[in-house]
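The structure appears right after this line, and notes come after that.
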Amino acid sequence: MTQNELLTEYRKDLLGVFGDPSLVLTEGRGCRVTDADGGTYLDLLGGIAVNALGYAHPRWVQAVADQAGRLAHVSNFFTTPPQLSLAHKLLEILAAPEGSKVFFTNSGTEANEAALKLVRSHGNAATPHKSRVLALDHGFHGRTAGALAVTWKEAYRAPFQPLPGGVEFIEPTLEALDRAMGDDVAGLIVEPVQGEAGVRPLPEGFLAQARRLTADGDAILVVDEVQSGMGRTGRWLASGDELGGENAPDVITLAKSLGGGFPIGAMITMTPQATGVLGPGNHGTTFGGNPLATAAGSATIEAIEEEGLLENARSMGELLVRGLSQMEGIDEVRGEGLLIAADLSRADAVDGGAAPAVVAEARKRGFILNATGPATLRLAPPLIITASEVEEFLQALPGIIDAVVDA
Ligand SMILES: Cc1ncc(COP(=O)(O)O)c(C=O)c1O
């Protein structure tokens with residue numbers, strides 16, 4: 001079947017929540033994918049910050065295949081060696097304080113859902129009850145009801161009201177944080193880099209101040225590193241500088257790069273205050289932490305460590321940022337490591353915004369990236385991307401922008 005015929009099948013059989021997919025992808029290797037008509041693409045989006053090792057990484061493939069041949073799933077009445085190994089490894093690389101604990105999920109939204117239940121339970125156990133949950137303007141935490149309730153974009157939330165209540169959105173500024181905090185706050189959830197908002201890092205000092213104020217007010221600080229974590233910014237955690245060691249947040253949530261393409265998420269409790277909240281019977285999941293997913297997670301971490309991919313993310317990120325910053329047609333470049341956004345200068349030269357048009361034109365020319373808004377391009381390529389692949393993209397992009405904006 002041709003790609004167009006397959007897309008017709010999609011429209012017939014799949015619920016249209018994602019809009020029309022632009023391609024039917026059939027295989028991938030390294031940073032390149034192939035479509036059903038044989039077209040090939042250099043992938044600068046990595047399945048939206050998921051495919052840390054690119055496609056068909058031999059170590060990952062071997063680990064998943066070996067585990068599938070041994071034991072793919074057991075219930076959480078039992079544990080398995082891959083689950084234990086990944087939990088141990090995660091606590092080690094995140095430099096989690098003694099006593100920290102891991103709860104595995106299948107996605108980012110579920111990791112946040114667990115964190116929000118923890119926050120609510122902590123608030124309900126306090127005397128008097130702490131009823132307020134703070135979240136940030138422009139934040140994105142997922143599409144299930146709890147995570148959606150702390151997701152800022154009104155259009156995402158409006159059709160599904162009433163969502164869990166008690167949530168207040170505040171500007172991501174130190175002043176707004178100071179004003180909002182109080183003894184009645186059960187928790188605060190933040191992304192260190194707001195990915196879906198166009199890769200916007202929090203202001204310097206925000207996380208450290210959030211840690212101080214939540215500790216003083218006995219509130220749970222949840223740091224959502226679903227997009228920014230697991231090496232994406234060239235460090236295991238984007239929040240590490242301000243929240244390391246004694247300043248660890250109460251809870252960190254992870255997903256995306258954690259499984260290198262296998263669906264898995266995690267909620268990690270980093271303080272005794274958070275670790276003590278949920279106990280037997282309080283929460284659960286059938287698939288969370290299953291041996292196949294956790295074997296994929298360990299293979300991903302081992303490859304990142306052994307192949308120096310944190311360093312590669314930093315140096316390839318610098319190459320991209322330098323190239324984009326010098327490029328005609330780009331106003332501002334943001335990000336760190338391989339989580340980068342570029343704002344186009346003449347965004348309103350095109351109906352619907354130049355960024356979506358650049359994404360479509362780039363695809364025609366063999367590059368995958370995405371737009372987080374009418375003016376903003378986002379790049380989150382595999383951490384294995386090479387200098388020659390980065391150059392290939394930087395060479396092509398000016399022509400792509402010109403073709404769209406001058407059309
Ligand atoms: C910061 C952040 N949190 C949570 C999520 C939700 O993750 P998932 O799509 O795996 O449910 C995302 C997804 O983009 C995200 O970027």
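For the structure tokens, the naming scheme is as follows: chains receive sequential letters (A, B, ...) according to their order of presentation, residues are indexed from 1 within each chain, and ligands are indexed from 1 in presentation order.
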
*Please extract the residues at most 10 Å from ligand 1, counting only C-alpha atoms and all ligand atoms, and provide them as JSON, numbers by chain, using the chain letters and residue numbers of this document.*
{"A": [48, 49, 50, 105, 106, 107, 108, 109, 110, 111, 112, 113, 139, 140, 141, 142, 143, 144, 147, 148, 151, 190, 191, 192, 193, 194, 195, 196, 197, 199, 223, 224, 225, 226, 227, 228, 229, 253, 254, 255, 256, 257, 263, 264, 265]}

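If you count only C-alpha atoms and ignore residues fewer than 4 places along the chain from A:Ala208, what sits within 8 Å of it is Arg212, Glu242, Leu243 and Asn247 of chain A.
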
*Which of these residues is nearest to A:Glu302, using only C-alpha atoms: A:Gly260, A:Pro81, A:Gly399, A:Gly373?*
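Closest to A:Glu302, using only C-alpha atoms: A:Gly260.
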
_I'd like to know which of A:Thr233, A:Gln3, A:Thr8, A:Ser85 is closest to A:Gly335, using only C-alpha atoms._
A:Thr233

_Residues near A:Tyr10, anyone? I mean within 12 Å using only C-alpha atoms, not counting same-chain ones fewer than 4 positions away, as a ChimeraX atom specification._
/A:3-6,14-24

Can you write out the residues you just picked, keeping N, CA and C atoms, as a tab-separated table (two decimals), in the first residue's frame?
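Written out: part.tsv:
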```tsv
chain	number	residue	atom	x	y	z
A	3	GLN	N	1.71	5.29	0.87
A	3	GLN	CA	1.54	6.09	2.09
A	3	GLN	C	0.13	6.71	2.13
A	4	ASN	N	-0.32	7.22	0.99
A	4	ASN	CA	-1.65	7.85	0.97
A	4	ASN	C	-2.76	6.86	1.29
A	5	GLU	N	-2.62	5.66	0.76
A	5	GLU	CA	-3.63	4.63	1.06
A	5	GLU	C	-3.62	4.30	2.56
A	6	LEU	N	-2.44	4.22	3.11
A	6	LEU	CA	-2.33	3.91	4.55
A	6	LEU	C	-2.92	5.05	5.40
A	14	LEU	N	-8.73	5.23	13.18
A	14	LEU	CA	-8.17	5.78	14.43
A	14	LEU	C	-8.88	7.06	14.83
A	15	LEU	N	-9.07	7.20	16.13
A	15	LEU	CA	-9.73	8.39	16.66
A	15	LEU	C	-8.87	9.63	16.36
A	16	GLY	N	-9.54	10.67	15.87
A	16	GLY	CA	-8.77	11.78	15.33
A	16	GLY	C	-8.24	12.79	16.34
A	17	VAL	N	-7.83	12.36	17.52
A	17	VAL	CA	-7.38	13.34	18.52
A	17	VAL	C	-6.04	13.99	18.18
A	18	PHE	N	-5.27	13.34	17.32
A	18	PHE	CA	-3.95	13.91	16.98
A	18	PHE	C	-3.99	14.68	15.67
A	19	GLY	N	-5.16	14.84	15.06
A	19	GLY	CA	-5.20	15.42	13.72
A	19	GLY	C	-4.64	14.39	12.75
A	20	ASP	N	-4.44	14.80	11.51
A	20	ASP	CA	-3.94	13.87	10.49
A	20	ASP	C	-2.44	13.67	10.64
A	21	PRO	N	-1.95	12.43	10.76
A	21	PRO	CA	-0.50	12.27	10.76
A	21	PRO	C	0.06	12.62	9.38
A	22	SER	N	1.29	13.15	9.35
A	22	SER	CA	1.82	13.58	8.05
A	22	SER	C	2.52	12.45	7.32
A	23	LEU	N	2.97	11.44	8.03
A	23	LEU	CA	3.72	10.34	7.41
A	23	LEU	C	3.32	9.02	8.03
A	24	VAL	N	3.54	7.96	7.26
A	24	VAL	CA	3.48	6.61	7.84
A	24	VAL	C	4.93	6.13	7.90
```

*So which residues touch A:Pro374 within 10 Å, counting only C-alpha atoms, skipping near sequence neighbours fewer than 4 positions away, as JSON, numbers by chain?*
{"A": [343, 344, 347, 348, 350, 351, 352, 353, 354, 355, 356, 357]}

Would you output that residue set with N, CA and C atoms, as a tab-separated table (two decimals), in the first residue's frame?
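Result file again12.tsv:
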```tsv
chain	number	residue	atom	x	y	z
A	343	ASP	N	12.80	30.94	17.69
A	343	ASP	CA	11.66	31.78	17.28
A	343	ASP	C	11.96	32.41	15.92
A	344	LEU	N	11.03	32.27	15.00
A	344	LEU	CA	11.21	32.83	13.65
A	344	LEU	C	10.87	34.31	13.65
A	347	ALA	N	7.15	35.57	11.68
A	347	ALA	CA	6.18	34.49	11.92
A	347	ALA	C	4.84	34.77	11.28
A	348	ASP	N	4.41	36.05	11.23
A	348	ASP	CA	3.07	36.29	10.67
A	348	ASP	C	3.08	36.54	9.16
A	350	VAL	N	3.10	34.23	7.23
A	350	VAL	CA	2.37	33.06	6.70
A	350	VAL	C	1.10	32.88	7.51
A	351	ASP	N	-0.03	32.63	6.83
A	351	ASP	CA	-1.29	32.35	7.53
A	351	ASP	C	-1.10	31.15	8.45
A	352	GLY	N	-1.53	31.27	9.71
A	352	GLY	CA	-1.37	30.16	10.66
A	352	GLY	C	0.01	30.13	11.28
A	353	GLY	N	0.89	31.05	10.89
A	353	GLY	CA	2.23	31.14	11.49
A	353	GLY	C	3.28	30.46	10.63
A	354	ALA	N	4.48	31.05	10.62
A	354	ALA	CA	5.54	30.50	9.78
A	354	ALA	C	6.07	29.16	10.30
A	355	ALA	N	6.04	28.98	11.64
A	355	ALA	CA	6.68	27.77	12.18
A	355	ALA	C	6.02	26.47	11.67
A	356	PRO	N	4.68	26.35	11.71
A	356	PRO	CA	4.09	25.13	11.16
A	356	PRO	C	4.40	24.95	9.66
A	357	ALA	N	4.49	26.08	8.92
A	357	ALA	CA	4.82	25.99	7.49
A	357	ALA	C	6.27	25.54	7.29
```

_Need the shell around A:Phe104: protein/DNA/RNA residues with any atom at most 7 Å away, counting only C-alpha atoms. Skip same-chain ones fewer than 3 positions apart. Format as a ChimeraX atom specification?_
/A:265-267,288-289

*DSSP on the backbone: what in stretch 97-296 of chain A comes out helix (DSSP H, G or I), as a PyMOL selection string?*
chain A and resi 108-125+145-149+154-160+174-180+206-216+240-243+245-247+256-259+272-275+291-296

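As for atom CA of A:Ala303 and atom CA of A:Ala72, they are spaced 21.4 Å apart.
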
Cut-off 10 Å: closest stretch 219-296 of chain A/stretch 133-138 of chain A atom pairs per residue, using only C-alpha atoms, as a Markdown table:
```
| residue | atom | partner | partner_atom | distance |
| --- | --- | --- | --- | --- |
| A:Ala219 | CA | A:Val133 | CA | 9.1 |
| A:Ile220 | CA | A:Val133 | CA | 9.4 |
| A:Leu221 | CA | A:Leu134 | CA | 9.7 |
| A:Val222 | CA | A:Ala135 | CA | 9.8 |
```

_Those of stretch 222-340 of chain A in DSSP strand (DSSP E), formatted as an NGL selection string_ = :A and (222-224 or 251-254 or 265-269 or 330-336 or 339-340)

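For the set A:Pro58, A:Gly366, A:Gly329, A:Gly166, the residue with the smallest atom-to-atom gap to A:Asp402 is A:Gly329, counting only C-alpha atoms.
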
*Can you tell me how far atom CA of A:Pro128 sits from atom CA of A:Asp183, in Å to one decimal?*
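So the two atoms, atom CA of A:Pro128 and atom CA of A:Asp183, lie 9.3 Å apart.
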
_Quick one: residues within 10 Å of A:Leu324, only C-alpha atoms, excluding same-chain residues fewer than 3 positions away - as a list in words?_
Glu318, Leu319, Leu320, Val321, Met327, Glu328, Gly329, Ile330, Asp331, Glu332, Val333, Arg334, Ile340, Ala341, Ala342, Asp343, Leu394, Leu397 and Pro398 of chain A

For those residues, write C-alpha atoms to a file as a PDB file, in the first residue's frame.
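Result file follows (out-v8.pdb):
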```pdb
ATOM      1  CA  GLU A 318      26.081  24.122  21.457  1.00  0.00           C
ATOM      2  CA  LEU A 319      26.629  23.511  17.740  1.00  0.00           C
ATOM      3  CA  LEU A 320      22.911  23.811  17.068  1.00  0.00           C
ATOM      4  CA  VAL A 321      22.440  26.903  19.234  1.00  0.00           C
ATOM      5  CA  MET A 327      20.873  32.353  11.077  1.00  0.00           C
ATOM      6  CA  GLU A 328      18.952  34.937   9.105  1.00  0.00           C
ATOM      7  CA  GLY A 329      15.231  34.658   9.850  1.00  0.00           C
ATOM      8  CA  ILE A 330      15.655  33.546  13.485  1.00  0.00           C
ATOM      9  CA  ASP A 331      15.087  36.031  16.309  1.00  0.00           C
ATOM     10  CA  GLU A 332      15.761  34.109  19.480  1.00  0.00           C
ATOM     11  CA  VAL A 333      17.175  30.698  20.377  1.00  0.00           C
ATOM     12  CA  ARG A 334      16.529  29.059  23.762  1.00  0.00           C
ATOM     13  CA  ILE A 340      16.148  23.745  21.840  1.00  0.00           C
ATOM     14  CA  ALA A 341      13.631  26.237  20.470  1.00  0.00           C
ATOM     15  CA  ALA A 342      14.082  28.899  17.798  1.00  0.00           C
ATOM     16  CA  ASP A 343      11.662  31.784  17.278  1.00  0.00           C
ATOM     17  CA  LEU A 394      21.913  23.832   9.657  1.00  0.00           C
ATOM     18  CA  LEU A 397      17.288  25.366   7.273  1.00  0.00           C
ATOM     19  CA  PRO A 398      17.916  28.843   5.782  1.00  0.00           C
TER      20      PRO A 398
END
```

*Between A:Gln83, A:Asn51, A:Ser298, A:Asn290, which is the closest to A:Gly261 once you count only C-alpha atoms?*
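Selected residue with least distance to A:Gly261: A:Asn51.
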
Within 9 Å of A:Pro203 using only C-alpha atoms, minus same-chain residues under 2 positions, as an mmCIF file with C-alpha atoms, in the first residue's frame:
```
data_model
loop_
_atom_site.group_PDB
_atom_site.id
_atom_site.type_symbol
_atom_site.label_atom_id
_atom_site.label_comp_id
_atom_site.auth_asym_id
_atom_site.auth_seq_id
_atom_site.Cartn_x
_atom_site.Cartn_y
_atom_site.Cartn_z
ATOM 1 C CA PRO A 172 6.692 31.753 36.733
ATOM 2 C CA THR A 173 8.371 34.616 38.608
ATOM 3 C CA LEU A 174 9.939 34.781 42.056
ATOM 4 C CA ARG A 200 11.302 28.263 28.358
ATOM 5 C CA PRO A 201 13.651 27.741 31.317
ATOM 6 C CA GLY A 205 16.785 31.245 41.355
ATOM 7 C CA PHE A 206 13.152 30.168 40.925
ATOM 8 C CA LEU A 207 13.702 26.504 41.807
#
```

*Of the candidates A:Val185, A:Ala126, A:Ala65, A:Leu91, which one gets nearest to A:Leu292 if we count only C-alpha atoms?*
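Smallest separation from A:Leu292 among the options: A:Ala65.
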
*Could you state the separation of atom CA of A:Leu278 and atom CA of A:Ser239 in Å, given to one decimal place?*
24.1 Å

*When distances are computed from only C-alpha atoms, which of A:Leu310, A:Ala145, A:Ala375, A:Ala362 shows the smallest separation from A:Arg157?*
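Ranked by minimum distance to A:Arg157, first place goes to A:Ala145.
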